[in-house]
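Engineer: Below you'll find work.cif; it's mmCIF, C-alpha atoms.
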```cif
data_my_file
loop_
_atom_site.label_atom_id
_atom_site.label_comp_id
_atom_site.auth_asym_id
_atom_site.auth_seq_id
_atom_site.Cartn_x
_atom_site.Cartn_y
_atom_site.Cartn_z
CA MET A 1 -18.83 -7.25 11.89
CA THR A 2 -18.49 -5.11 14.99
CA ASN A 3 -18.39 -1.33 14.98
CA ASP A 4 -15.71 -1.17 17.66
CA ILE A 5 -12.45 0.63 17.00
CA ARG A 6 -9.50 0.92 19.37
CA PHE A 7 -7.24 3.94 19.24
CA ILE A 8 -3.69 2.83 19.98
CA SER A 9 -1.82 6.12 19.80
CA THR A 10 -1.96 9.73 18.64
CA THR A 11 1.34 11.42 17.85
CA THR A 12 2.64 14.52 16.11
CA VAL A 13 4.78 14.09 13.00
CA ARG A 14 6.99 16.99 11.97
CA PRO A 15 9.11 17.48 8.85
CA THR A 16 12.52 15.83 8.95
CA SER A 17 14.05 19.27 8.32
CA PRO A 18 11.74 21.74 10.11
CA ILE A 19 11.28 25.22 8.70
CA GLU A 20 12.91 27.61 11.16
CA SER A 21 11.90 30.84 9.45
CA THR A 22 8.72 32.82 9.98
CA ARG A 23 7.58 31.98 6.48
CA ARG A 24 3.89 32.61 5.82
CA ILE A 25 1.56 31.91 2.92
CA GLU A 26 -1.36 34.24 2.30
CA LEU A 27 -4.69 32.62 1.42
CA THR A 28 -6.38 33.55 -1.86
CA PRO A 29 -10.09 34.29 -2.34
CA TRP A 30 -10.43 30.74 -3.70
CA ASP A 31 -9.07 29.49 -0.36
CA LEU A 32 -10.96 31.87 1.91
CA GLN A 33 -14.37 30.85 0.60
CA LEU A 34 -13.78 27.42 2.15
CA LEU A 35 -13.19 28.54 5.73
CA LEU A 36 -16.65 27.45 6.88
CA VAL A 37 -16.78 24.04 5.21
CA ASP A 38 -15.35 20.66 6.21
CA HIS A 39 -11.92 19.23 5.49
CA ILE A 40 -11.10 17.00 2.51
CA GLN A 41 -11.35 13.39 3.72
CA LYS A 42 -10.24 10.50 1.51
CA GLY A 43 -8.77 7.13 2.39
CA LEU A 44 -7.44 4.02 0.70
CA LEU A 45 -8.07 0.38 1.58
CA PHE A 46 -5.19 -2.08 1.20
CA LEU A 47 -4.63 -5.72 1.89
CA LYS A 48 -2.39 -6.27 4.89
CA PRO A 49 1.29 -6.76 3.98
CA THR A 50 2.54 -10.32 3.85
CA PRO A 51 5.15 -11.27 6.50
CA SER A 52 7.95 -10.92 3.95
CA GLN A 53 6.66 -7.50 2.86
CA GLU A 54 6.27 -6.32 6.45
CA ASN A 55 9.85 -7.37 7.25
CA LYS A 56 11.02 -4.72 4.77
CA LEU A 57 9.07 -2.00 6.59
CA LYS A 58 11.53 -1.23 9.39
CA PRO A 59 11.20 -1.10 12.31
CA SER A 60 7.44 -1.61 11.89
CA LEU A 61 4.71 -0.68 9.43
CA ILE A 62 3.46 2.17 11.63
CA ASP A 63 6.95 3.57 12.27
CA HIS A 64 7.79 3.26 8.57
CA LEU A 65 4.70 5.27 7.63
CA LYS A 66 5.52 7.93 10.23
CA THR A 67 9.08 8.24 8.91
CA SER A 68 8.01 8.49 5.29
CA LEU A 69 5.30 11.02 6.25
CA SER A 70 7.93 13.15 7.98
CA ARG A 71 10.04 13.14 4.82
CA THR A 72 6.97 14.01 2.74
CA LEU A 73 6.32 17.01 4.97
CA ASP A 74 9.77 18.29 3.98
CA ILE A 75 8.20 18.84 0.55
CA PHE A 76 4.68 19.78 1.68
CA TYR A 77 5.87 21.81 4.69
CA PRO A 78 2.82 24.15 4.82
CA LEU A 79 0.72 21.13 5.86
CA ALA A 80 2.72 20.98 9.10
CA GLY A 81 1.76 24.58 9.88
CA ARG A 82 -1.34 26.27 11.26
CA LEU A 83 -3.77 28.93 10.17
CA VAL A 84 -3.39 32.35 11.74
CA MET A 85 -6.23 34.86 11.95
CA VAL A 86 -5.45 38.57 12.11
CA GLU A 87 -8.16 41.00 13.22
CA ASN A 88 -7.94 44.21 11.20
CA ASP A 89 -8.77 47.75 12.30
CA ASP A 90 -11.83 47.82 10.02
CA LYS A 91 -13.34 44.89 11.95
CA THR A 92 -12.52 42.38 9.21
CA ALA A 93 -10.24 39.38 9.60
CA SER A 94 -7.41 38.05 7.48
CA PHE A 95 -5.99 34.51 7.39
CA PHE A 96 -2.62 33.10 6.42
CA VAL A 97 -0.70 29.86 6.86
CA ASP A 98 2.12 30.01 9.39
CA CYS A 99 4.66 27.46 8.14
CA LYS A 100 6.35 26.88 11.47
CA SER A 101 6.63 23.12 11.79
CA LEU A 102 4.08 22.40 14.50
CA GLY A 103 3.37 19.09 12.79
CA ALA A 104 0.65 16.83 11.46
CA GLN A 105 -1.46 14.48 13.55
CA PHE A 106 -0.86 10.73 13.17
CA VAL A 107 -3.42 8.32 14.64
CA HIS A 108 -2.92 4.55 14.89
CA ALA A 109 -6.12 2.54 15.38
CA VAL A 110 -7.35 -1.06 15.20
CA ALA A 111 -10.78 -2.18 14.00
CA ASP A 112 -11.22 -5.51 15.78
CA GLY A 113 -13.16 -8.10 13.81
CA VAL A 114 -13.48 -5.96 10.66
CA THR A 115 -12.30 -7.50 7.39
CA VAL A 116 -11.66 -6.11 3.93
CA ALA A 117 -14.80 -7.91 2.72
CA ASP A 118 -16.85 -6.09 5.37
CA ILE A 119 -15.88 -2.81 3.69
CA LEU A 120 -16.10 -3.87 0.05
CA GLU A 121 -19.19 -6.05 -0.11
CA PRO A 122 -22.09 -4.02 1.37
CA VAL A 123 -24.26 -1.98 -1.00
CA TYR A 124 -24.03 0.95 1.42
CA VAL A 125 -20.70 2.08 2.84
CA PRO A 126 -20.67 0.79 6.45
CA ASP A 127 -20.87 3.36 9.25
CA ILE A 128 -17.59 2.16 10.73
CA VAL A 129 -15.74 3.67 7.76
CA ASN A 130 -16.45 7.09 9.30
CA SER A 131 -14.29 6.01 12.26
CA PHE A 132 -11.34 5.46 9.92
CA PHE A 133 -10.95 9.25 9.62
CA SER A 134 -9.73 11.80 12.13
CA MET A 135 -11.21 15.26 12.83
CA ASN A 136 -14.70 14.48 11.55
CA ARG A 137 -16.95 17.55 11.20
CA VAL A 138 -14.10 19.95 11.94
CA LEU A 139 -14.42 23.17 9.95
CA ASN A 140 -11.44 24.55 8.04
CA CYS A 141 -11.44 27.77 10.10
CA GLU A 142 -10.52 25.66 13.15
CA GLY A 143 -7.06 25.26 11.63
CA VAL A 144 -5.96 28.14 13.87
CA SER A 145 -5.79 25.63 16.73
CA LYS A 146 -5.92 22.20 15.07
CA PRO A 147 -3.51 20.46 12.68
CA LEU A 148 -3.96 21.22 8.98
CA LEU A 149 -3.33 17.52 8.25
CA ALA A 150 -4.47 14.46 10.19
CA VAL A 151 -3.50 10.95 9.09
CA GLN A 152 -5.12 7.81 10.48
CA VAL A 153 -3.86 4.29 9.88
CA THR A 154 -6.43 1.68 10.89
CA GLU A 155 -5.54 -2.01 11.04
CA LEU A 156 -8.23 -4.47 9.97
CA VAL A 157 -8.14 -8.24 10.36
CA ASP A 158 -6.69 -8.64 6.87
CA GLY A 159 -6.21 -5.09 5.68
CA ILE A 160 -4.94 -1.57 6.28
CA PHE A 161 -6.92 1.65 5.79
CA ILE A 162 -4.88 4.84 5.37
CA SER A 163 -6.85 8.08 5.50
CA CYS A 164 -5.96 11.75 5.26
CA THR A 165 -8.00 14.65 6.58
CA LEU A 166 -6.68 17.86 5.04
CA ASN A 167 -7.71 21.45 5.64
CA HIS A 168 -9.41 22.54 2.43
CA THR A 169 -8.26 26.15 2.65
CA VAL A 170 -4.64 25.12 1.99
CA ALA A 171 -5.20 22.50 -0.73
CA ASP A 172 -7.66 21.34 -3.36
CA GLY A 173 -8.21 17.85 -4.75
CA THR A 174 -5.23 18.05 -7.09
CA SER A 175 -2.88 18.99 -4.24
CA PHE A 176 -4.46 16.39 -1.94
CA TRP A 177 -3.75 13.51 -4.28
CA ARG A 178 -0.32 14.87 -5.18
CA PHE A 179 0.50 14.75 -1.47
CA PHE A 180 -0.85 11.17 -1.20
CA ASN A 181 1.12 10.13 -4.32
CA THR A 182 4.31 11.69 -2.94
CA TRP A 183 3.94 10.04 0.46
CA SER A 184 3.30 6.58 -1.02
CA GLY A 185 6.23 7.01 -3.41
CA ILE A 186 8.64 7.97 -0.63
CA SER A 187 7.29 5.08 1.45
CA ARG A 188 8.18 2.58 -1.27
CA GLY A 189 11.66 3.96 -1.79
CA PHE A 190 11.71 7.15 -3.85
CA GLU A 191 14.42 9.52 -2.69
CA SER A 192 12.61 12.61 -3.94
CA ASP A 193 9.14 13.78 -4.95
CA PRO A 194 7.90 10.87 -7.13
CA THR A 195 5.28 13.03 -8.84
CA SER A 196 8.14 14.98 -10.43
CA LEU A 197 9.39 11.68 -11.85
CA GLY A 198 6.75 10.35 -13.71
CA LEU A 199 -22.15 10.87 8.72
CA GLY A 200 -24.21 11.61 5.72
CA PRO A 201 -26.94 9.79 3.82
CA PRO A 202 -26.20 6.26 2.56
CA ILE A 203 -23.73 6.06 -0.28
CA ILE A 204 -23.67 3.93 -3.43
CA ASP A 205 -20.76 1.49 -3.22
CA PRO A 206 -17.92 3.15 -5.18
CA ASP A 207 -16.72 -0.26 -6.40
CA ARG A 208 -19.72 -0.43 -8.69
CA VAL A 209 -18.09 1.22 -11.67
CA PHE A 210 -18.56 2.23 -15.27
CA LEU A 211 -16.13 0.17 -17.35
CA MET A 212 -14.48 1.58 -20.46
CA GLU A 213 -16.75 -0.27 -22.92
CA LYS A 214 -19.90 1.08 -21.25
CA ILE A 215 -18.41 4.57 -20.99
CA GLN A 216 -17.64 4.62 -24.70
CA GLN A 217 -21.20 3.51 -25.48
CA LEU A 218 -22.62 6.37 -23.40
CA LYS A 219 -20.24 8.85 -25.04
CA ALA A 220 -21.14 7.65 -28.54
CA LYS A 221 -24.86 7.83 -27.79
CA ALA A 222 -24.66 11.34 -26.33
CA ASN A 223 -22.63 12.70 -29.24
CA ALA A 224 -24.87 11.00 -31.82
CA GLU A 225 -28.01 12.50 -30.28
CA MET A 226 -26.51 16.01 -30.53
CA SER A 227 -24.69 15.50 -33.87
CA THR A 228 -21.36 16.49 -32.33
CA ASP A 229 -18.08 15.00 -31.15
CA LYS A 230 -17.47 17.49 -28.35
CA ILE A 231 -19.08 15.59 -25.46
CA SER A 232 -16.44 13.83 -23.34
CA SER A 233 -16.69 10.44 -21.69
CA LEU A 234 -17.01 11.98 -18.24
CA GLN A 235 -19.70 14.43 -19.36
CA ALA A 236 -21.72 11.53 -20.77
CA VAL A 237 -21.41 9.57 -17.51
CA MET A 238 -22.33 12.63 -15.44
CA ALA A 239 -25.41 13.22 -17.56
CA HIS A 240 -26.39 9.54 -17.27
CA LEU A 241 -26.18 9.76 -13.47
CA TRP A 242 -28.03 13.08 -13.38
CA ARG A 243 -30.96 11.70 -15.35
CA SER A 244 -31.17 8.62 -13.13
CA VAL A 245 -31.12 10.68 -9.92
CA VAL A 246 -33.88 12.94 -11.27
CA ARG A 247 -35.96 9.87 -12.16
CA GLY A 248 -35.28 8.35 -8.74
CA ARG A 249 -36.43 11.48 -6.94
CA ARG A 250 -39.77 11.35 -8.81
CA LEU A 251 -39.87 15.11 -9.31
CA ASN A 252 -42.64 16.97 -11.08
CA PHE A 253 -41.66 17.83 -14.64
CA ASP A 254 -41.79 21.57 -13.93
CA GLU A 255 -39.50 21.37 -10.87
CA GLU A 256 -36.14 23.10 -11.22
CA VAL A 257 -33.01 20.96 -11.00
CA CYS A 258 -29.44 22.22 -10.75
CA TYR A 259 -26.14 20.43 -11.43
CA LEU A 260 -23.03 21.98 -9.84
CA VAL A 261 -19.60 21.04 -11.20
CA LEU A 262 -16.18 21.98 -9.84
CA VAL A 263 -13.95 22.97 -12.76
CA GLY A 264 -10.18 23.03 -12.32
CA VAL A 265 -8.47 26.16 -13.66
CA ARG A 266 -4.80 25.56 -12.84
CA GLN A 267 -3.76 25.72 -16.48
CA ARG A 268 -6.49 28.17 -17.51
CA VAL A 269 -5.40 31.28 -15.64
CA GLU A 270 -2.76 33.55 -17.11
CA PRO A 271 0.00 32.97 -16.30
CA ALA A 272 -0.70 29.28 -15.63
CA LEU A 273 -0.17 28.10 -12.07
CA ALA A 274 2.93 26.03 -11.37
CA GLU A 275 2.48 22.29 -10.89
CA GLU A 276 3.67 22.73 -7.29
CA TYR A 277 0.92 25.24 -6.46
CA LEU A 278 -0.63 23.98 -3.24
CA GLY A 279 -3.80 26.04 -2.80
CA ASN A 280 -7.23 25.90 -4.37
CA ALA A 281 -7.78 26.58 -8.06
CA VAL A 282 -11.36 25.73 -8.96
CA LEU A 283 -14.47 27.48 -10.20
CA VAL A 284 -18.03 26.33 -9.59
CA GLY A 285 -20.23 26.06 -12.65
CA ASN A 286 -23.91 25.15 -12.66
CA VAL A 287 -26.50 23.92 -15.10
CA THR A 288 -30.10 24.80 -14.23
CA THR A 289 -33.08 23.32 -16.03
CA THR A 290 -36.28 21.40 -15.25
CA ALA A 291 -36.80 17.76 -14.43
CA GLY A 292 -38.96 17.44 -17.54
CA ASP A 293 -36.23 18.70 -19.85
CA ILE A 294 -33.64 16.35 -18.33
CA LEU A 295 -35.89 13.30 -18.72
CA GLU A 296 -37.58 14.09 -22.05
CA ARG A 297 -34.72 15.57 -24.07
CA GLY A 298 -32.41 12.61 -23.63
CA LEU A 299 -28.86 11.79 -22.61
CA GLY A 300 -27.22 13.86 -25.33
CA TRP A 301 -29.10 17.04 -24.41
CA ALA A 302 -28.22 16.70 -20.70
CA ALA A 303 -24.55 16.03 -21.51
CA TRP A 304 -24.48 18.99 -23.91
CA GLN A 305 -25.71 21.34 -21.17
CA ILE A 306 -22.83 20.20 -18.96
CA ASN A 307 -20.40 20.56 -21.86
CA LYS A 308 -21.51 24.13 -22.60
CA MET A 309 -21.26 25.16 -18.97
CA ILE A 310 -17.72 23.81 -18.61
CA ALA A 311 -16.58 25.38 -21.88
CA SER A 312 -17.96 28.76 -20.80
CA GLN A 313 -15.74 28.88 -17.71
CA THR A 314 -12.66 29.86 -19.72
CA ALA A 315 -11.72 31.01 -23.18
CA GLU A 316 -10.50 27.53 -23.98
CA GLN A 317 -12.35 24.27 -23.52
CA VAL A 318 -11.76 23.12 -19.95
CA ARG A 319 -10.77 19.53 -19.52
CA ASN A 320 -12.64 18.16 -16.53
CA SER A 321 -11.78 14.47 -16.70
CA PRO A 322 -10.86 12.84 -13.36
CA ARG A 323 -7.06 12.71 -13.49
CA PHE A 324 -6.21 12.04 -9.86
CA ASN A 325 -3.79 9.15 -9.45
CA VAL A 326 -5.77 7.27 -6.81
CA TYR A 327 -4.94 3.63 -7.47
CA GLY A 328 -1.24 4.33 -8.05
CA ASN A 329 -0.67 4.83 -4.32
CA ASP A 330 1.57 1.88 -3.42
CA PHE A 331 3.21 2.34 -0.01
CA GLY A 332 5.44 -0.67 -0.52
CA TRP A 333 3.15 -3.69 -0.30
CA GLY A 334 0.76 -3.29 -3.23
CA ARG A 335 -1.82 -0.96 -4.68
CA PRO A 336 -5.13 -0.12 -2.96
CA LEU A 337 -8.30 -2.12 -3.43
CA ALA A 338 -10.70 0.80 -3.02
CA VAL A 339 -11.07 4.46 -2.12
CA ARG A 340 -13.54 5.78 0.44
CA SER A 341 -14.51 9.26 1.67
CA GLY A 342 -15.09 10.53 5.18
CA VAL A 343 -18.15 12.38 6.42
CA GLY A 344 -16.79 15.80 5.47
CA ASN A 345 -18.93 17.88 3.10
CA LYS A 346 -21.46 15.11 2.54
CA SER A 347 -24.86 16.22 1.27
CA ASP A 348 -27.69 14.65 -0.67
CA GLY A 349 -26.77 14.64 -4.34
CA LYS A 350 -22.99 14.94 -4.04
CA LEU A 351 -21.08 12.90 -6.63
CA THR A 352 -17.36 12.19 -6.35
CA VAL A 353 -15.60 10.69 -9.36
CA PHE A 354 -12.26 8.87 -9.55
CA PRO A 355 -10.40 7.10 -12.36
CA GLY A 356 -11.10 3.40 -11.79
CA LEU A 357 -8.76 0.53 -11.02
CA GLU A 358 -9.26 -0.89 -14.52
CA GLU A 359 -7.78 1.18 -17.35
CA GLY A 360 -10.38 3.58 -18.74
CA SER A 361 -12.98 2.85 -16.06
CA ILE A 362 -14.58 5.37 -13.68
CA ASP A 363 -15.41 4.88 -10.00
CA PHE A 364 -18.11 7.05 -8.53
CA GLU A 365 -19.30 7.71 -5.01
CA ALA A 366 -22.80 9.16 -4.73
CA CYS A 367 -24.33 10.51 -1.55
CA LEU A 368 -28.09 10.06 -1.95
CA SER A 369 -31.20 9.54 0.12
CA PRO A 370 -32.34 5.93 0.71
CA GLU A 371 -35.49 6.55 -1.34
CA THR A 372 -33.50 7.72 -4.36
CA LEU A 373 -31.09 4.79 -4.05
CA LEU A 374 -33.91 2.27 -3.99
CA ALA A 375 -35.45 3.84 -7.07
CA MET A 376 -32.10 3.82 -8.90
CA ALA A 377 -31.66 0.14 -8.05
CA ASP A 378 -34.76 -0.55 -10.16
CA ASP A 379 -33.77 1.88 -12.94
CA ALA A 380 -33.09 -0.37 -15.92
CA GLU A 381 -31.61 2.42 -18.08
CA PHE A 382 -29.16 3.39 -15.34
CA ASN A 383 -28.09 -0.15 -14.47
CA GLU A 384 -27.55 -1.13 -18.09
CA ALA A 385 -24.33 0.92 -18.07
CA LEU A 386 -23.25 -0.06 -14.56
CA VAL A 387 -21.01 -2.97 -13.66
CA SER A 388 -20.98 -4.39 -10.12
#
```
Written as structure tokens, that's how I'd like the structure from this file.

Structural biologist:
Amino acid sequence: MTNDIRFISTTTVRPTSPIESTRRIELTPWDLQLLLVDHIQKGLLFLKPTPSQENKLKPSLIDHLKTSLSRTLDIFYPLAGRLVMVENDDKTASFFVDCKSLGAQFVHAVADGVTVADILEPVYVPDIVNSFFSMNRVLNCEGVSKPLLAVQVTELVDGIFISCTLNHTVADGTSFWRFFNTWSGISRGFESDPTSLGLGPPIIDPDRVFLMEKIQQLKAKANAEMSTDKISSLQAVMAHLWRSVVRGRRLNFDEEVCYLVLVGVRQRVEPALAEEYLGNAVLVGNVTTTAGDILERGLGWAAWQINKMIASQTAEQVRNSPRFNVYGNDFGWGRPLAVRSGVGNKSDGKLTVFPGLEEGSIDFEACLSPETLLAMADDAEFNEALVS
């Protein structure tokens, strides 16, 4: 496999019906805290359309995707805007989204000699995947002069990779995947919003997943150890991963370890946010303990600490299961084979979780040091629940 990529074209895609008004959207404190971090970067890997499938994508696959993106921006029109910074008299600055339709960036590229197998088979995500994303290492505050949304479609020998780089101050993960779902639905023929109808450290291959049977075993074990039924499947998997990472890092038992979890609050605030709410709506919770407690007190204890932290975020128990519709994104020639992330916001210890391709399964993407990965590869307790 070569690491060469050819960029064929870069164009601007605007909404089909541009917003002519001076409409603006003020950023919330949840949004503003993300000004100095990277964009959201996620992409989907597909097989290349068959000749008969491609004949239905008129006049070409690339033009079809541009047209459907333009129609999607009619719904998600703020993503075609730009950030505006206003300097105040008290020497502070304010930001808002100017919804004038300046457009999203659309990049068409070709990865010569790269196959779907080259992306799926390696234990570590290949470096060339970083080239499948636009605006790498661009901070959200740069949205005053750069597009809020950049799409890149990269042709492989036998596949297509579609990525989105989205300014994190205007959308969170829920909005990101709702946009992706809407675009793919319009691409395959929906006339309206289909959701209303129905370069960091090496990364563990996300296609190595926890299947439903293994997940249920972890959940049952965690709940049994704590004599409860409150620990969710995801909390049990998170605790299992946490314990393995701590073992792999070979920490002293008295060293402090911290687990940060993003907790969605869209339905927890009063009044609840509308489904169409585009901005960020998450709180950061953390569990702090020692390496010795995590390893000696067992899976159930670790999962219970996560459970208590999540429950404490709101008056009601917060559901934190991964509910993003990742593998439902069919642009008209079949569902994706895998999801991959760009380099944005990568740091040692970051875990990204998606609902898996198989019903009830969970995909995970872990950004970890090579030393920790090697140790986890030999961790019998960890691998017992993992399916390659």

Engineer: List the residues matched by the PyMOL selection byres ((chain A and resi 264) around 7) in the displayed structure as JSON, numbers by chain, ordered by chain and then by residue number.

Structural biologist: {"A": [262, 263, 265, 266, 281, 282, 283, 320]}

Engineer: I'd like the residues picked by the PyMOL selection byres ((chain A and resi 211) around 12) written out as number ranges by chain, using the chain letters and numbers from the file.

Structural biologist: A: 207-210, 212-218, 233-234, 237, 355-364, 384-388

Engineer: Excluding same-chain residues fewer than 4 positions from stretch 166-169 of chain A, what lies within 7 Å of it counting all atoms listed in the file, as a count of residues only?

Structural biologist: 11

Engineer: Go through A:Asn136, A:Thr92, A:Thr182, A:Thr290 and flag the residue nearest A:Leu69, using all atoms listed in the file for the distances.

Structural biologist: A:Thr182

Engineer: Kindly indicate which residue among A:Phe132, A:Trp301, A:Phe382, A:Phe179 lies nearest to A:Val246, using all atoms listed in the file for the distances.

Structural biologist: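 Of A:Phe132, A:Trp301, A:Phe382, A:Phe179, the one nearest A:Val246 is A:Phe382, counting all atoms listed in the file.
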
Engineer: Applied to the shown file, which residues does the PyMOL selection byres ((chain A and resi 66) around 12) return, written as a PyMOL selection string?

Structural biologist: chain A and resi 10-16+57-65+67-73+103-108+150-153+162+183-184+186-187+331
